[in-house]
Amino acid sequence: MVEWLWTKDREWYDKWDSFNNSTLRGHYLQLSDWLFSYHNFGFDTELLIGLENGEICIGYGIVKAKFLFFKFYVINCGPIVKEGYEKYLEDAIVLFLEKSRKEGACYCHISLPVLKEGSFPFALPNDVLKNDGIFFSGKIGLPFAFISSSKGFGWIDLPPISEEERLAKFTNPITRKNIRISLRRGLTIVEAATPDQIREAYRAIELNANERGYSIRNWDELKNCLVNLHKKGFAELAMAYKDNECKGAFFFIKVNKRYTEIMGGTKKEYPDIKVGSFLKWHILTKSMKEGLPGYDITIGGSLGVQEFKLSFDPTIIEFIEGRHWVLSQFKYKIYNTLYPFLRRNKRAISSFIKIIKKTK
């Protein structure tokens with residue numbers, strides 16, 4: 001019989017990280033430091049864990065986005081369920097909805113790591129849900145977009161073959177050509193090992209975002225997350241160097257038996273020395289050397305990013321669509337009216353919230 005525990009205790013968060021890293025269904029979005037990164041916006045987090053004989057077998061971390069009189073409760077990828085404990089999934093979802101209502105949230109949503117179809121060891125099978133289960137009482141979609149959620153995997157299989165054989169397996173000849181070009185351009189890999197190097201790697205990612213006109217979280221919002229994940233052995237920031245200059249960097253998180261690509265950026269240069277291809281090939285070969293079954297290049301990104309990812313022949317493995325519940329129509333209607341303003345000024349609002357919390 002599973003015993004349920006709501007907690008904010010850091011010792012349980014450490015145990016939660018160990019659970020995520022020991023069960024194949026663990027996910028980087030549920031690591032404690034990723035959840036804590038939302039504290040920089042003035043948000044809160046809490047864990048629900050299911051215990052059997054004192055050991056975690058199911059659970060999730062909630063991000064509680066709170067500002068003014070609005071509360072939004074989010075499970076960004078969960079529940080995480082150990083094999084054999086799927087029957088407790090319904091109870092875990094019920095407890096989330098009960099807590100959201102009890103604590104006055106006007107909205108809540110769940111991004112559930114359940115496959116649309118087929119089977120895959122790193123996610124829950126589609127038949128784990130009952131057609132009349134409480135999850136389906138929610139509306140399709142995740143309109144509250146301030147918390148990153150997962151839509152599935154962009155999976156690249158890595159069978160135990162040589163690097164040259166793996167390279168030859170890419171069906172896109174341009175991909176093979178670009179990797180080979182990058183390997184001849186004198187690039188070297190530096191894996192960030194200190195906070196200063198981690199900052200240098202993230203600076204390359206920020207520069208790329210600025211040049212290409214898209215937004216990412218700034219360094220102050222993410223630095224503790226990156227440094228702590230690296231210290232615990234979950235994160236890697238790989239930099240590509242040439243002539244003593246960082247030409248680009250990619251950020252990866254390793255949970256259990258796979259690396260997941262989080263973000264990256266490369267410096268624009270002519271002629272193009274294919275830094276992006278070089279960094280992707282680095283993590284693929286690193287995964288092969290570690291005997292991992294595959295690599296998650298992830299789903300999503302800009303059109304150009306998606307095209308680049310697809311050139312590496314990933315198998316797209318999708319989760320079912322997330323569901324949301326509006327628990328206070330009045331508050332949610334006000335939020336929707338204010339949303340354009342909130343979106344344009346989210347950094348200023350988060351700073352204001354943090355100041356208010358410090359004065360309490």
# chains A, B, ... in the order shown; residues from 1 in each chain; ligands from 1
call {"tool": "select_by_dssp", "arguments": {"residues": "region 19-144 of chain A", "states": "alpha helix (DSSP H)", "output": "JSON, numbers by chain"}}
result
{"A": [19, 20, 21, 22, 32, 33, 34, 35, 36, 89, 90, 91, 92, 93, 94, 95, 96, 97, 98, 99, 100, 101, 102]}
call {"tool": "write_last_selection", "arguments": {"atoms": "C-alpha atoms", "output": "PDB file, in the first residue's frame"}}
result
ATOM      1  CA  PHE A  19      14.503   8.279  -7.738  1.00  0.00           C
ATOM      2  CA  ASN A  20      14.378  10.175 -11.048  1.00  0.00           C
ATOM      3  CA  ASN A  21      17.869   8.949 -11.841  1.00  0.00           C
ATOM      4  CA  SER A  22      17.136   5.329 -10.954  1.00  0.00           C
ATOM      5  CA  SER A  32      14.812  19.467  -7.914  1.00  0.00           C
ATOM      6  CA  ASP A  33      17.186  22.134  -9.247  1.00  0.00           C
ATOM      7  CA  TRP A  34      15.118  22.579 -12.394  1.00  0.00           C
ATOM      8  CA  LEU A  35      12.011  23.008 -10.258  1.00  0.00           C
ATOM      9  CA  PHE A  36      13.861  25.400  -7.928  1.00  0.00           C
ATOM     10  CA  LEU A  89      -1.502   7.083 -11.174  1.00  0.00           C
ATOM     11  CA  GLU A  90      -5.184   7.986 -10.811  1.00  0.00           C
ATOM     12  CA  ASP A  91      -4.789   8.644  -7.073  1.00  0.00           C
ATOM     13  CA  ALA A  92      -1.801  10.911  -7.725  1.00  0.00           C
ATOM     14  CA  ILE A  93      -3.778  13.024 -10.203  1.00  0.00           C
ATOM     15  CA  VAL A  94      -6.754  13.258  -7.830  1.00  0.00           C
ATOM     16  CA  LEU A  95      -4.472  14.509  -5.049  1.00  0.00           C
ATOM     17  CA  PHE A  96      -3.067  17.209  -7.352  1.00  0.00           C
ATOM     18  CA  LEU A  97      -6.528  18.494  -8.240  1.00  0.00           C
ATOM     19  CA  GLU A  98      -7.624  18.413  -4.606  1.00  0.00           C
ATOM     20  CA  LYS A  99      -4.599  20.410  -3.511  1.00  0.00           C
ATOM     21  CA  SER A 100      -5.033  22.953  -6.306  1.00  0.00           C
ATOM     22  CA  ARG A 101      -8.628  23.581  -5.263  1.00  0.00           C
ATOM     23  CA  LYS A 102      -7.896  23.596  -1.533  1.00  0.00           C
TER      24      LYS A 102
END
call {"tool": "select_by_dssp", "arguments": {"residues": "region 273-337 of chain A", "states": "strand (DSSP E or B)", "output": "MDAnalysis selection string"}}
result
chainID A and resid 294:296 315:319 323:326
call {"tool": "closest_residue", "arguments": {"among": "A:Ser37, A:Ser215, A:Thr194, A:Ser149", "to": "Val227 (chain A)", "atoms": "only C-alpha atoms"}}
result
A:Thr194
call {"tool": "residues_around", "arguments": {"residues": "Ile181 (chain A)", "least_positions_apart": "3", "cutoff": "8 Å", "atoms": "only C-alpha atoms", "output": "NGL selection string"}}
result
:A and (177-178 or 184-185 or 273-274)
call {"tool": "write_last_selection", "arguments": {"atoms": "N, CA and C atoms", "output": "short mmCIF file (atom, residue, chain, number, x, y, z; two decimals), in the first residue's frame"}}
result
data_model
loop_
_atom_site.label_atom_id
_atom_site.label_comp_id
_atom_site.auth_asym_id
_atom_site.auth_seq_id
_atom_site.Cartn_x
_atom_site.Cartn_y
_atom_site.Cartn_z
N LYS A 177 27.96 14.82 -44.27
CA LYS A 177 28.98 15.72 -44.81
C LYS A 177 29.34 16.80 -43.78
N ASN A 178 28.33 17.40 -43.15
CA ASN A 178 28.60 18.47 -42.19
C ASN A 178 29.37 17.98 -40.97
N ARG A 184 37.14 18.08 -39.37
CA ARG A 184 38.39 18.47 -40.03
C ARG A 184 38.74 19.94 -39.80
N ARG A 185 37.95 20.66 -39.01
CA ARG A 185 38.15 22.09 -38.87
C ARG A 185 38.96 22.48 -37.63
N ILE A 273 31.95 26.60 -40.13
CA ILE A 273 32.75 25.43 -39.74
C ILE A 273 31.90 24.34 -39.07
N LYS A 274 30.57 24.49 -39.12
CA LYS A 274 29.62 23.45 -38.69
C LYS A 274 29.76 23.11 -37.21
#
call {"tool": "closest_atom_pairs", "arguments": {"of": "region 250-336 of chain A", "to": "region 106-124 of chain A", "cutoff": "9 Å", "atoms": "only C-alpha atoms", "output": "CSV"}}
result
residue,atom,partner,partner_atom,distance
A:Ile317,CA,A:Leu115,CA,7.4
A:Glu318,CA,A:Lys116,CA,5.9
A:Phe319,CA,A:Leu115,CA,4.4
A:Ile320,CA,A:Lys116,CA,4.7
A:Glu321,CA,A:Ser111,CA,7.3
A:Gly322,CA,A:Ser111,CA,4.5
A:Arg323,CA,A:His109,CA,5.7
A:His324,CA,A:His109,CA,4.1
A:Trp325,CA,A:Cys108,CA,5.4
A:Val326,CA,A:Tyr107,CA,4.5
A:Leu327,CA,A:Cys106,CA,4.7
A:Ser328,CA,A:Cys106,CA,4.5
A:Gln329,CA,A:Cys106,CA,7.3
A:Phe330,CA,A:Cys106,CA,8.4
A:Lys331,CA,A:Cys106,CA,6.2
A:Tyr332,CA,A:Cys106,CA,6.1
call {"tool": "closest_residue", "arguments": {"among": "A:Ile262, A:Val305, A:Leu226, A:Leu158", "to": "Glu290 (chain A)", "atoms": "only C-alpha atoms"}}
result
A:Leu158
call {"tool": "residues_around", "arguments": {"residues": "Glu83 (chain A)", "least_positions_apart": "2", "cutoff": "10 Å", "atoms": "only C-alpha atoms", "output": "ChimeraX atom specification"}}
result
/A:23-25,57-58,80-81,85-86,121,124
call {"tool": "atom_distance", "arguments": {"atom1": "CA of Ala235 (chain A)", "atom2": "CA of Asp296 (chain A)"}}
result
14.1 Å
call {"tool": "closest_residue", "arguments": {"among": "A:Gly50, A:Asp196, A:Asn210, A:Glu245", "to": "Lys87 (chain A)", "atoms": "only C-alpha atoms"}}
result
A:Gly50
call {"tool": "residues_around", "arguments": {"residues": "region 64-67 of chain A", "least_positions_apart": "4", "cutoff": "6 Å", "atoms": "only C-alpha atoms", "output": "list in words"}}
result
Phe43, Asp44, Thr45, Lys71, Phe72 and Tyr73 of chain A
call {"tool": "write_last_selection", "arguments": {"atoms": "all heavy atoms", "output": "PDB file, in the first residue's frame"}}
result
ATOM      1  N   PHE A  43       8.107  32.138  -7.724  1.00  0.00           N
ATOM      2  CA  PHE A  43       7.200  30.998  -7.647  1.00  0.00           C
ATOM      3  C   PHE A  43       7.633  30.062  -6.521  1.00  0.00           C
ATOM      4  O   PHE A  43       8.697  30.227  -5.913  1.00  0.00           O
ATOM      5  CB  PHE A  43       7.176  30.227  -8.966  1.00  0.00           C
ATOM      6  CG  PHE A  43       6.678  31.029 -10.147  1.00  0.00           C
ATOM      7  CD1 PHE A  43       6.839  30.549 -11.444  1.00  0.00           C
ATOM      8  CD2 PHE A  43       6.059  32.252  -9.983  1.00  0.00           C
ATOM      9  CE1 PHE A  43       6.395  31.273 -12.541  1.00  0.00           C
ATOM     10  CE2 PHE A  43       5.595  32.987 -11.067  1.00  0.00           C
ATOM     11  CZ  PHE A  43       5.773  32.494 -12.353  1.00  0.00           C
ATOM     12  N   ASP A  44       6.820  29.050  -6.248  1.00  0.00           N
ATOM     13  CA  ASP A  44       7.091  28.086  -5.183  1.00  0.00           C
ATOM     14  C   ASP A  44       7.043  26.675  -5.778  1.00  0.00           C
ATOM     15  O   ASP A  44       6.555  26.476  -6.910  1.00  0.00           O
ATOM     16  CB  ASP A  44       6.048  28.235  -4.078  1.00  0.00           C
ATOM     17  CG  ASP A  44       6.459  27.542  -2.784  1.00  0.00           C
ATOM     18  OD1 ASP A  44       7.615  27.091  -2.682  1.00  0.00           O
ATOM     19  OD2 ASP A  44       5.614  27.430  -1.880  1.00  0.00           O
ATOM     20  N   THR A  45       7.542  25.699  -5.037  1.00  0.00           N
ATOM     21  CA  THR A  45       7.489  24.299  -5.472  1.00  0.00           C
ATOM     22  C   THR A  45       7.126  23.410  -4.290  1.00  0.00           C
ATOM     23  O   THR A  45       7.331  23.782  -3.127  1.00  0.00           O
ATOM     24  CB  THR A  45       8.852  23.832  -6.037  1.00  0.00           C
ATOM     25  OG1 THR A  45       9.873  24.042  -5.058  1.00  0.00           O
ATOM     26  CG2 THR A  45       9.210  24.580  -7.303  1.00  0.00           C
ATOM     27  N   LYS A  71      -3.150  32.181  -8.746  1.00  0.00           N
ATOM     28  CA  LYS A  71      -2.335  31.001  -8.464  1.00  0.00           C
ATOM     29  C   LYS A  71      -2.530  29.988  -9.586  1.00  0.00           C
ATOM     30  O   LYS A  71      -3.670  29.652  -9.931  1.00  0.00           O
ATOM     31  CB  LYS A  71      -2.730  30.356  -7.134  1.00  0.00           C
ATOM     32  CG  LYS A  71      -2.424  31.171  -5.893  1.00  0.00           C
ATOM     33  CD  LYS A  71      -2.805  30.380  -4.642  1.00  0.00           C
ATOM     34  CE  LYS A  71      -2.565  31.187  -3.380  1.00  0.00           C
ATOM     35  NZ  LYS A  71      -2.945  30.408  -2.161  1.00  0.00           N
ATOM     36  N   PHE A  72      -1.405  29.529 -10.137  1.00  0.00           N
ATOM     37  CA  PHE A  72      -1.432  28.531 -11.203  1.00  0.00           C
ATOM     38  C   PHE A  72      -0.552  27.360 -10.771  1.00  0.00           C
ATOM     39  O   PHE A  72       0.645  27.553 -10.526  1.00  0.00           O
ATOM     40  CB  PHE A  72      -0.900  29.122 -12.515  1.00  0.00           C
ATOM     41  CG  PHE A  72      -1.712  30.265 -13.045  1.00  0.00           C
ATOM     42  CD1 PHE A  72      -1.522  31.551 -12.543  1.00  0.00           C
ATOM     43  CD2 PHE A  72      -2.665  30.061 -14.026  1.00  0.00           C
ATOM     44  CE1 PHE A  72      -2.277  32.610 -13.016  1.00  0.00           C
ATOM     45  CE2 PHE A  72      -3.420  31.120 -14.503  1.00  0.00           C
ATOM     46  CZ  PHE A  72      -3.229  32.399 -13.996  1.00  0.00           C
ATOM     47  N   TYR A  73      -1.126  26.176 -10.685  1.00  0.00           N
ATOM     48  CA  TYR A  73      -0.387  24.999 -10.244  1.00  0.00           C
ATOM     49  C   TYR A  73      -0.102  24.103 -11.455  1.00  0.00           C
ATOM     50  O   TYR A  73      -1.018  23.794 -12.225  1.00  0.00           O
ATOM     51  CB  TYR A  73      -1.186  24.225  -9.189  1.00  0.00           C
ATOM     52  CG  TYR A  73      -1.137  24.848  -7.800  1.00  0.00           C
ATOM     53  CD1 TYR A  73      -0.784  26.181  -7.620  1.00  0.00           C
ATOM     54  CD2 TYR A  73      -1.434  24.100  -6.680  1.00  0.00           C
ATOM     55  CE1 TYR A  73      -0.726  26.751  -6.353  1.00  0.00           C
ATOM     56  CE2 TYR A  73      -1.387  24.655  -5.398  1.00  0.00           C
ATOM     57  CZ  TYR A  73      -1.031  25.981  -5.251  1.00  0.00           C
ATOM     58  OH  TYR A  73      -0.976  26.544  -3.987  1.00  0.00           O
TER      59      TYR A  73
END
call {"tool": "residues_around", "arguments": {"residues": "Phe170 (chain A)", "least_positions_apart": "6", "cutoff": "9 Å", "atoms": "only C-alpha atoms", "output": "CSV table (one decimal) with N, CA and C atoms, in the first residue's frame"}}
result
chain,number,residue,atom,x,y,z
A,176,ARG,N,25.8,13.9,-42.8
A,176,ARG,CA,27.1,13.1,-42.8
A,176,ARG,C,28.2,14.1,-43.2
A,311,SER,N,17.3,16.5,-39.3
A,311,SER,CA,18.4,16.0,-40.2
A,311,SER,C,19.2,14.9,-39.5
A,312,PHE,N,19.0,14.7,-38.2
A,312,PHE,CA,19.7,13.6,-37.5
A,312,PHE,C,18.9,12.4,-37.4
A,313,ASP,N,17.8,12.3,-38.1
A,313,ASP,CA,16.9,11.1,-38.2
A,313,ASP,C,16.3,10.7,-36.8
call {"tool": "closest_residue", "arguments": {"among": "A:Met1, A:Ile297, A:Leu310, A:Ala193", "to": "Trp155 (chain A)", "atoms": "only C-alpha atoms"}}
result
A:Ile297
call {"tool": "residues_around", "arguments": {"residues": "Leu167 (chain A)", "least_positions_apart": "5", "cutoff": "10 Å", "atoms": "only C-alpha atoms", "output": "list of chain:residue names"}}
result
A:Ser162, A:Thr175, A:Arg176, A:Lys177, A:Ile179, A:Arg180, A:Trp281, A:Leu284, A:Thr285, A:Phe312
call {"tool": "write_last_selection", "arguments": {"atoms": "C-alpha atoms", "output": "PDB file, in the first residue's frame"}}
result
ATOM      1  CA  SER A 162      31.526   1.896 -34.345  1.00  0.00           C
ATOM      2  CA  THR A 175      24.253  15.626 -42.166  1.00  0.00           C
ATOM      3  CA  ARG A 176      27.066  13.148 -42.765  1.00  0.00           C
ATOM      4  CA  LYS A 177      28.979  15.724 -44.806  1.00  0.00           C
ATOM      5  CA  ILE A 179      29.803  16.234 -39.370  1.00  0.00           C
ATOM      6  CA  ARG A 180      32.851  15.203 -41.388  1.00  0.00           C
ATOM      7  CA  TRP A 281      28.254  14.517 -32.826  1.00  0.00           C
ATOM      8  CA  LEU A 284      26.203  11.198 -29.638  1.00  0.00           C
ATOM      9  CA  THR A 285      29.688   9.673 -29.477  1.00  0.00           C
ATOM     10  CA  PHE A 312      19.743  13.605 -37.531  1.00  0.00           C
TER      11      PHE A 312
END
call {"tool": "closest_residue", "arguments": {"among": "A:Trp219, A:Phe146, A:Phe41, A:Tyr28", "to": "Lys257 (chain A)", "atoms": "only C-alpha atoms"}}
result
A:Tyr28
call {"tool": "atom_distance", "arguments": {"atom1": "CA of Glu11 (chain A)", "atom2": "CA of Ser150 (chain A)"}}
result
25.9 Å
call {"tool": "atom_distance", "arguments": {"atom1": "CA of Thr298 (chain A)", "atom2": "CA of Tyr38 (chain A)"}}
result
21.3 Å
